[in-house]
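This is query05.tsv (TSV, C-alpha atoms and all ligand atoms).
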```tsv
chain	number	residue	atom	x	y	z
A	53	VAL	CA	32.32	-196.17	-48.01
A	54	ILE	CA	30.21	-197.47	-45.10
A	55	LYS	CA	27.42	-195.34	-43.63
A	56	GLY	CA	27.69	-195.03	-39.85
A	57	GLU	CA	25.72	-193.43	-37.06
A	58	MET	CA	23.54	-190.37	-37.66
A	59	LEU	CA	25.38	-187.32	-36.37
A	60	TYR	CA	22.78	-184.64	-36.92
A	61	GLU	CA	19.27	-184.19	-38.29
A	62	GLY	CA	18.34	-180.83	-39.72
A	63	LYS	CA	15.14	-179.57	-41.33
A	64	ALA	CA	15.99	-180.79	-44.83
A	65	LYS	CA	18.96	-183.13	-44.38
A	66	LYS	CA	20.52	-185.78	-42.17
A	67	VAL	CA	24.28	-186.12	-41.72
A	68	PHE	CA	25.92	-189.50	-41.07
A	69	LEU	CA	29.37	-190.55	-39.98
A	70	THR	CA	31.25	-192.93	-42.28
A	71	ASP	CA	34.11	-195.38	-41.79
A	72	ARG	CA	36.38	-192.61	-43.12
A	73	ASP	CA	37.66	-190.03	-40.61
A	74	ASP	CA	37.28	-187.02	-42.83
A	75	GLN	CA	34.09	-187.84	-44.74
A	76	TYR	CA	30.36	-187.61	-43.99
A	77	ILE	CA	27.26	-188.76	-45.87
A	78	VAL	CA	24.47	-186.21	-46.33
A	79	GLU	CA	20.96	-187.58	-46.90
A	80	PHE	CA	18.45	-185.19	-48.47
A	81	LYS	CA	14.89	-185.38	-47.05
A	82	ASP	CA	11.51	-184.54	-48.61
A	83	ASP	CA	10.59	-182.40	-45.59
A	84	ALA	CA	10.09	-178.72	-46.27
A	85	THR	CA	9.91	-175.94	-43.69
A	86	ALA	CA	9.57	-172.19	-44.02
A	87	PHE	CA	9.36	-169.14	-41.78
A	88	ASN	CA	11.81	-170.55	-39.23
A	89	GLY	CA	9.98	-173.87	-39.03
A	90	GLU	CA	6.46	-172.43	-38.56
A	91	LYS	CA	5.25	-173.83	-41.87
A	92	ARG	CA	5.92	-177.52	-42.42
A	93	GLY	CA	5.20	-179.94	-45.21
A	94	LYS	CA	6.64	-182.42	-47.63
A	95	ILE	CA	7.52	-181.90	-51.27
A	96	ALA	CA	7.34	-185.18	-53.18
A	97	ASP	CA	10.76	-186.37	-54.33
A	98	LYS	CA	12.45	-183.15	-53.12
A	99	GLY	CA	15.34	-185.01	-51.48
A	100	HIS	CA	16.19	-186.75	-54.72
A	101	LEU	CA	15.82	-183.60	-56.84
A	102	ASN	CA	17.87	-181.40	-54.48
A	103	ASN	CA	20.65	-184.01	-54.28
A	104	GLU	CA	20.88	-184.06	-58.09
A	105	ILE	CA	20.62	-180.28	-58.47
A	106	SER	CA	23.24	-179.65	-55.74
A	107	THR	CA	25.56	-182.20	-57.34
A	108	ILE	CA	25.38	-180.35	-60.67
A	109	PHE	CA	26.11	-176.97	-59.02
A	110	PHE	CA	28.94	-178.25	-56.79
A	111	ARG	CA	30.66	-180.03	-59.73
A	112	MET	CA	30.33	-176.92	-61.88
A	113	LEU	CA	31.68	-174.63	-59.11
A	114	GLU	CA	34.63	-176.97	-58.38
A	115	GLU	CA	35.51	-176.84	-62.09
A	116	LYS	CA	35.57	-173.04	-61.81
A	117	GLY	CA	37.93	-173.15	-58.84
A	118	ILE	CA	35.56	-172.86	-55.85
A	119	PRO	CA	36.50	-175.32	-53.06
A	120	THR	CA	33.41	-177.23	-51.86
A	121	HIS	CA	32.64	-180.11	-49.50
A	122	PHE	CA	31.29	-182.21	-52.40
A	123	ILE	CA	33.06	-185.51	-53.11
A	124	ASP	CA	30.52	-187.71	-54.89
A	125	ARG	CA	26.85	-188.48	-55.33
A	126	LEU	CA	26.29	-191.93	-53.81
A	127	SER	CA	22.61	-192.64	-54.49
A	128	GLU	CA	19.31	-190.89	-55.21
A	129	ARG	CA	19.33	-189.11	-51.86
A	130	GLU	CA	22.89	-189.47	-50.59
A	131	MET	CA	25.97	-187.33	-51.16
A	132	LEU	CA	29.50	-188.03	-49.90
A	133	VAL	CA	31.07	-184.86	-48.52
A	134	LYS	CA	34.17	-183.68	-46.70
A	135	LYS	CA	33.82	-183.43	-42.95
A	136	VAL	CA	33.54	-179.79	-41.95
A	137	THR	CA	32.67	-177.70	-38.94
A	138	ILE	CA	29.90	-175.43	-40.15
A	139	VAL	CA	30.41	-171.68	-39.64
A	140	PRO	CA	27.14	-170.61	-37.93
A	141	LEU	CA	26.35	-168.01	-40.58
A	142	GLU	CA	24.13	-167.93	-43.64
A	143	VAL	CA	25.64	-165.89	-46.44
A	144	VAL	CA	22.89	-164.44	-48.65
A	145	VAL	CA	23.72	-162.93	-52.05
A	146	ARG	CA	21.08	-160.87	-53.87
A	147	ASN	CA	20.69	-159.54	-57.41
A	148	ILE	CA	16.99	-158.67	-57.35
A	149	ALA	CA	14.87	-157.53	-54.39
A	150	ALA	CA	12.64	-160.30	-53.04
A	151	GLY	CA	11.67	-161.92	-49.75
A	152	SER	CA	13.03	-160.37	-46.58
A	153	LEU	CA	15.07	-157.69	-48.38
A	154	ALA	CA	12.03	-156.36	-50.26
A	155	LYS	CA	10.16	-156.25	-46.94
A	156	ARG	CA	12.97	-154.73	-44.83
A	157	LEU	CA	13.89	-151.98	-47.28
A	158	GLY	CA	10.42	-151.36	-48.72
A	159	LEU	CA	11.39	-152.35	-52.25
A	160	GLU	CA	8.98	-153.84	-54.72
A	161	GLU	CA	9.70	-157.50	-55.40
A	162	GLY	CA	11.49	-157.75	-58.73
A	163	THR	CA	13.40	-154.45	-58.39
A	164	VAL	CA	16.80	-155.03	-59.98
A	165	LEU	CA	19.48	-154.02	-57.47
A	166	PRO	CA	22.09	-151.69	-59.02
A	167	LYS	CA	24.79	-153.63	-57.15
A	168	THR	CA	25.01	-157.08	-55.64
A	169	VAL	CA	24.01	-157.19	-51.97
A	170	VAL	CA	25.75	-159.61	-49.57
A	171	GLU	CA	24.28	-160.25	-46.12
A	172	PHE	CA	25.09	-162.43	-43.13
A	173	TYR	CA	22.52	-164.09	-40.88
A	174	TYR	CA	23.34	-165.78	-37.58
A	175	LYS	CA	22.20	-169.42	-37.75
A	176	ASP	CA	20.21	-169.67	-34.53
A	177	ASP	CA	16.66	-171.07	-34.62
A	178	SER	CA	15.72	-169.68	-31.20
A	179	LEU	CA	16.57	-166.16	-32.41
A	180	GLY	CA	15.00	-166.68	-35.85
A	181	ASP	CA	18.31	-166.34	-37.75
A	182	PRO	CA	18.86	-162.58	-37.25
A	183	LEU	CA	20.69	-160.37	-39.76
A	184	VAL	CA	24.17	-159.60	-38.40
A	185	ASN	CA	26.98	-157.29	-39.51
A	186	PRO	CA	30.76	-157.91	-39.29
A	187	SER	CA	30.87	-156.17	-35.92
A	188	HIS	CA	28.19	-158.51	-34.50
A	189	ILE	CA	30.01	-161.50	-36.01
A	190	ASP	CA	33.20	-160.33	-34.30
A	191	VAL	CA	31.65	-159.75	-30.89
A	192	LEU	CA	29.88	-163.15	-30.93
A	193	GLU	CA	33.07	-164.76	-32.29
A	194	LEU	CA	31.12	-166.48	-35.07
A	195	ALA	CA	33.98	-166.10	-37.57
A	196	THR	CA	37.21	-164.13	-37.94
A	197	ALA	CA	37.34	-160.91	-39.99
A	198	GLU	CA	39.42	-162.78	-42.56
A	199	GLN	CA	36.81	-165.55	-42.83
A	200	VAL	CA	34.04	-162.95	-43.23
A	201	SER	CA	35.97	-161.33	-46.05
A	202	THR	CA	36.68	-164.70	-47.72
A	203	MET	CA	33.00	-165.74	-47.47
A	204	GLU	CA	31.90	-162.45	-49.04
A	205	GLN	CA	34.45	-162.84	-51.87
A	206	TYR	CA	33.40	-166.44	-52.52
A	207	GLY	CA	29.74	-165.37	-52.42
A	208	ARG	CA	30.34	-162.71	-55.07
A	209	LYS	CA	32.38	-165.05	-57.25
A	210	ILE	CA	29.82	-167.88	-56.96
A	211	ASN	CA	27.12	-165.36	-57.92
A	212	GLU	CA	28.95	-164.40	-61.13
A	213	ILE	CA	29.62	-168.05	-62.03
A	214	MET	CA	26.02	-169.14	-61.35
A	215	LYS	CA	24.39	-166.16	-63.12
A	216	ASP	CA	26.51	-166.85	-66.17
A	217	TYR	CA	25.81	-170.60	-66.07
A	218	LEU	CA	22.03	-170.07	-65.72
A	219	LYS	CA	21.77	-167.43	-68.45
A	220	ASP	CA	21.47	-169.81	-71.42
A	221	LYS	CA	19.17	-172.03	-69.36
A	222	ASN	CA	16.67	-169.17	-69.22
A	223	VAL	CA	16.86	-168.92	-65.45
A	224	ILE	CA	17.32	-165.67	-63.51
A	225	LEU	CA	19.25	-166.01	-60.26
A	226	VAL	CA	17.34	-163.66	-57.93
A	227	ASP	CA	19.15	-164.50	-54.69
A	228	PHE	CA	20.62	-167.46	-52.80
A	229	LYS	CA	21.99	-168.62	-49.48
A	230	LEU	CA	25.37	-170.26	-48.88
A	231	GLU	CA	26.91	-171.97	-45.89
A	232	PHE	CA	30.61	-172.51	-45.36
A	233	GLY	CA	32.58	-174.92	-43.21
A	234	ILE	CA	36.12	-175.48	-42.02
A	235	ASP	CA	37.56	-178.80	-43.25
A	236	THR	CA	40.02	-181.03	-41.35
A	237	GLN	CA	42.92	-179.14	-43.00
A	238	GLY	CA	41.59	-175.81	-41.70
A	239	ASN	CA	40.40	-174.56	-45.10
A	240	LEU	CA	37.20	-172.56	-45.46
A	241	ILE	CA	35.10	-174.36	-48.09
A	242	LEU	CA	31.55	-174.15	-49.46
A	243	ALA	CA	29.20	-176.62	-47.73
A	244	ASP	CA	25.46	-177.36	-47.32
A	245	GLU	CA	23.50	-177.43	-50.61
A	246	ILE	CA	22.61	-175.32	-53.61
A	247	SER	CA	19.05	-176.06	-54.66
A	248	PRO	CA	15.59	-174.51	-55.18
A	249	ASP	CA	15.32	-174.68	-51.35
A	250	THR	CA	18.20	-172.21	-51.00
A	251	CYS	CA	18.00	-170.12	-54.19
A	252	ARG	CA	15.31	-168.02	-55.84
A	253	PHE	CA	15.13	-168.98	-59.51
A	254	TRP	CA	12.78	-167.18	-61.92
A	255	ASP	CA	12.02	-168.13	-65.49
A	256	ALA	CA	13.75	-165.48	-67.62
A	257	GLU	CA	10.74	-164.82	-69.88
A	258	THR	CA	7.66	-165.31	-67.71
A	259	LYS	CA	9.33	-164.51	-64.32
A	260	GLU	CA	7.55	-167.61	-63.01
A	261	LYS	CA	8.97	-168.76	-59.67
A	262	LEU	CA	10.82	-172.09	-59.91
A	263	ASP	CA	11.84	-172.47	-56.26
A	264	LYS	CA	10.72	-172.89	-52.66
A	265	ASP	CA	8.63	-169.67	-52.80
A	266	ARG	CA	6.00	-171.91	-54.46
A	267	PHE	CA	5.82	-173.80	-51.13
A	268	ARG	CA	6.22	-170.72	-48.89
A	269	ARG	CA	3.41	-168.87	-50.69
A	270	ASP	CA	1.17	-171.85	-51.52
A	271	LEU	CA	1.47	-171.31	-55.27
A	272	GLY	CA	1.13	-175.01	-56.14
A	273	SER	CA	3.18	-177.12	-58.58
A	274	VAL	CA	6.14	-177.18	-56.18
A	275	GLU	CA	7.58	-180.54	-57.25
A	276	GLU	CA	7.10	-179.61	-60.92
A	277	ALA	CA	9.15	-176.43	-60.40
A	278	TYR	CA	12.04	-178.37	-58.84
A	279	GLN	CA	11.83	-180.89	-61.72
A	280	GLU	CA	11.92	-178.04	-64.22
A	281	ILE	CA	15.12	-176.68	-62.65
A	282	LEU	CA	16.76	-180.12	-62.82
A	283	ARG	CA	15.72	-180.43	-66.49
A	284	ARG	CA	17.11	-177.01	-67.37
A	285	LEU	CA	20.42	-177.95	-65.73
A	286	GLY	CA	20.61	-180.93	-68.09
A	287	GLY	CA	19.48	-183.58	-65.62
A	288	THR	CA	16.89	-186.27	-66.25
A	289	VAL	CA	13.65	-186.32	-64.31
A	290	SER	CA	12.68	-189.92	-63.55
B	301	LIG	O1	13.99	-164.89	-46.96
B	301	LIG	P1	15.09	-164.16	-47.65
B	301	LIG	O2	14.62	-163.21	-48.68
B	301	LIG	O3	16.04	-163.50	-46.67
B	301	LIG	O4	15.95	-165.28	-48.41
B	301	LIG	C1	17.04	-164.95	-49.25
B	301	LIG	C2	17.55	-166.22	-49.94
B	301	LIG	O5	18.14	-167.10	-48.99
B	301	LIG	C3	16.44	-167.02	-50.63
B	301	LIG	O6	16.97	-167.58	-51.83
B	301	LIG	C4	16.12	-168.13	-49.65
B	301	LIG	O7	15.70	-169.29	-50.30
B	301	LIG	C5	17.48	-168.35	-48.97
B	301	LIG	N1	17.34	-168.75	-47.57
B	301	LIG	C6	17.68	-170.05	-47.17
B	301	LIG	N2	17.57	-170.43	-45.87
B	301	LIG	C7	17.17	-169.56	-44.93
B	301	LIG	C8	16.83	-168.24	-45.29
B	301	LIG	C9	16.93	-167.86	-46.62
B	301	LIG	O8	18.07	-170.86	-48.02
B	301	LIG	N3	17.11	-169.95	-43.65
```
Any chance you could give the structure as structure tokens?
Ligand code: C5P
Amino acid sequence: VIKGEMLYEGKAKKVFLTDRDDQYIVEFKDDATAFNGEKRGKIADKGHLNNEISTIFFRMLEEKGIPTHFIDRLSEREMLVKKVTIVPLEVVVRNIAAGSLAKRLGLEEGTVLPKTVVEFYYKDDSLGDPLVNPSHIDVLELATAEQVSTMEQYGRKINEIMKDYLKDKNVILVDFKLEFGIDTQGNLILADEISPDTCRFWDAETKEKLDKDRFRRDLGSVEEAYQEILRRLGGTVS
């Protein structure tokens, strides 16, 4: 496959056209942002680590029957994916109160939620990605009711698969964010990435944070935490 023109540059990734009509190349960057771009920095080797970690999760989810945009890992930082139109929603799935949920509902971080919580946020930087409900999604025509229901069902299923997968790796899945896209056949499939940038991972024994909260909260050892996640998933840290 031949890498073509850059189509889009986001905060953590670049997307390139290829010589194939229905395939893109995603390049993972070391840039890190938080709080809607207010905090900026670089995490050494993050692009490489997130590409490897996402590859492991996408392969595992495909094996369990979840359709994803993943086709192949091409190099340290590059992934070949199916061309999709991204649905402008972030689907957040939560098992334990943390981050914005803990703040919004006044729950102590670490409170185990009696049931899984699924939320939708409107992907719009100028608005700061506001929380939206199905009625807002409908009125803004961000997705159909059927797509909303499918995304919620996939979110819940992915949560069960990932929790189970991470259990014997001594990792607690606190919460995570998913993005979906519509492929050239019109199917709704999982897109974006699954990495310590988009998930909260805690060590099962010590509850140590092994994710981007180390960057957001200036806890140090950010790269080491991402490396530790890759190691626990069976990958090799170079
Ligand atoms: O900040 P908040 O608690 O709402 O984040 C919930 C989950 O979604 C966290 O795992 C966080 O890493 C992820 N997230 C993300 N991208 C965003 C917002 C949240 O990956 N823009």
Nearest to ligand LIG 301 (chain B) by atom-to-atom distance, counting only C-alpha atoms and all ligand atoms, from A:Arg92, A:Lys55, A:Arg284, A:Arg156: A:Arg156
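Distance annotation: of A:Lys65, A:Lys155, A:Lys135, A:Arg269, the residue with the minimal separation from ligand LIG 301 (chain B) is A:Lys155; atom set is only C-alpha atoms and all ligand atoms.
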Distance query stretch 205-214 of chain A at most 10 Å, all atoms listed in the file, self and fewer than 4 positions along chain excluded, as JSON, numbers by chain: {"A": [109, 112, 113, 116, 117, 118, 119, 143, 144, 145, 146, 147, 168, 169, 170, 171, 199, 200, 201, 218, 219, 224, 225, 226, 227, 228, 229, 230, 231, 232, 241, 242]}
Resulting file, chosen residues, C-alpha atoms, as a short mmCIF file (atom, residue, chain, number, x, y, z; two decimals), in the coordinates of the input:
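Here's the written file part-v6.cif:
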```
data_model
loop_
_atom_site.label_atom_id
_atom_site.label_comp_id
_atom_site.auth_asym_id
_atom_site.auth_seq_id
_atom_site.Cartn_x
_atom_site.Cartn_y
_atom_site.Cartn_z
CA PHE A 109 26.11 -176.97 -59.02
CA MET A 112 30.33 -176.92 -61.88
CA LEU A 113 31.68 -174.63 -59.11
CA LYS A 116 35.57 -173.04 -61.81
CA GLY A 117 37.93 -173.15 -58.84
CA ILE A 118 35.56 -172.86 -55.85
CA PRO A 119 36.50 -175.32 -53.06
CA VAL A 143 25.64 -165.89 -46.44
CA VAL A 144 22.89 -164.44 -48.65
CA VAL A 145 23.72 -162.93 -52.05
CA ARG A 146 21.08 -160.87 -53.87
CA ASN A 147 20.69 -159.54 -57.41
CA THR A 168 25.01 -157.08 -55.64
CA VAL A 169 24.01 -157.19 -51.97
CA VAL A 170 25.75 -159.61 -49.57
CA GLU A 171 24.28 -160.25 -46.12
CA GLN A 199 36.81 -165.55 -42.83
CA VAL A 200 34.04 -162.95 -43.23
CA SER A 201 35.97 -161.33 -46.05
CA LEU A 218 22.03 -170.07 -65.72
CA LYS A 219 21.77 -167.43 -68.45
CA ILE A 224 17.32 -165.67 -63.51
CA LEU A 225 19.25 -166.01 -60.26
CA VAL A 226 17.34 -163.66 -57.93
CA ASP A 227 19.15 -164.50 -54.69
CA PHE A 228 20.62 -167.46 -52.80
CA LYS A 229 21.99 -168.62 -49.48
CA LEU A 230 25.37 -170.26 -48.88
CA GLU A 231 26.91 -171.97 -45.89
CA PHE A 232 30.61 -172.51 -45.36
CA ILE A 241 35.10 -174.36 -48.09
CA LEU A 242 31.55 -174.15 -49.46
#
```
All residues within 7 Å of ligand LIG 301 (chain B) are required, counting all atoms listed in the file; please report them as an mmCIF file with C-alpha atoms, in the coordinates of the input.
```cif
data_model
loop_
_atom_site.group_PDB
_atom_site.id
_atom_site.type_symbol
_atom_site.label_atom_id
_atom_site.label_comp_id
_atom_site.auth_asym_id
_atom_site.auth_seq_id
_atom_site.Cartn_x
_atom_site.Cartn_y
_atom_site.Cartn_z
ATOM 1 C CA ASN A 88 11.810 -170.550 -39.230
ATOM 2 C CA VAL A 144 22.890 -164.440 -48.650
ATOM 3 C CA ALA A 150 12.640 -160.300 -53.040
ATOM 4 C CA GLY A 151 11.670 -161.920 -49.750
ATOM 5 C CA SER A 152 13.030 -160.370 -46.580
ATOM 6 C CA LEU A 153 15.070 -157.690 -48.380
ATOM 7 C CA ASP A 227 19.150 -164.500 -54.690
ATOM 8 C CA PHE A 228 20.620 -167.460 -52.800
ATOM 9 C CA LYS A 229 21.990 -168.620 -49.480
ATOM 10 C CA ASP A 249 15.320 -174.680 -51.350
ATOM 11 C CA THR A 250 18.200 -172.210 -51.000
ATOM 12 C CA CYS A 251 18.000 -170.120 -54.190
ATOM 13 C CA ARG A 252 15.310 -168.020 -55.840
ATOM 14 C CA LYS A 264 10.720 -172.890 -52.660
#
```
Hey, can you check how far atom CA of A:Val289 sits from atom CA of A:Phe68?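 One can read the atom CA of A:Val289 to atom CA of A:Phe68 distance as 26.5 Å.
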Please measure the separation of atom CA of A:Gly286 and atom CA of A:Asp220, giving the value in Å to one decimal.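 For atom CA of A:Gly286 relative to atom CA of A:Asp220, the distance reads 11.6 Å.
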Let me make sure I understand: among A:Gln279, A:Ser127, A:Thr236, A:Ser187, which one has the smallest atom-to-atom distance to A:Pro248 if we use all atoms listed in the file?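 Result for the nearest residue to A:Pro248: A:Gln279.
Atom to atom, atom CA of A:Gly93 and atom CA of A:Asp181 stand 20.3 Å apart.
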How big is the axis-aligned box around the listed atoms of stretch 177-192 of chain A once 8 Å is added on each side, and where is its centre? Give both in Å to one decimal, as JSON.
```
{"center_x": 24.1, "center_y": -163.6, "center_z": -35.3, "size_x": 34.2, "size_y": 30.9, "size_z": 24.9}
```
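Closest approach to A:Gly238 from the set A:Val136, A:Ile77, A:Phe87, A:Glu128 is made by A:Val136, with distances taken over only C-alpha atoms.
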Closest of A:Leu126, A:Leu101, A:Leu159, A:Leu262 to A:Val274, counting all atoms listed in the file, is A:Leu262
Residue with the minimum atom-to-atom distance to A:Met203, picked from A:Val191, A:Ala277, A:Ile105, A:Leu240 with only C-alpha atoms counted, is A:Leu240
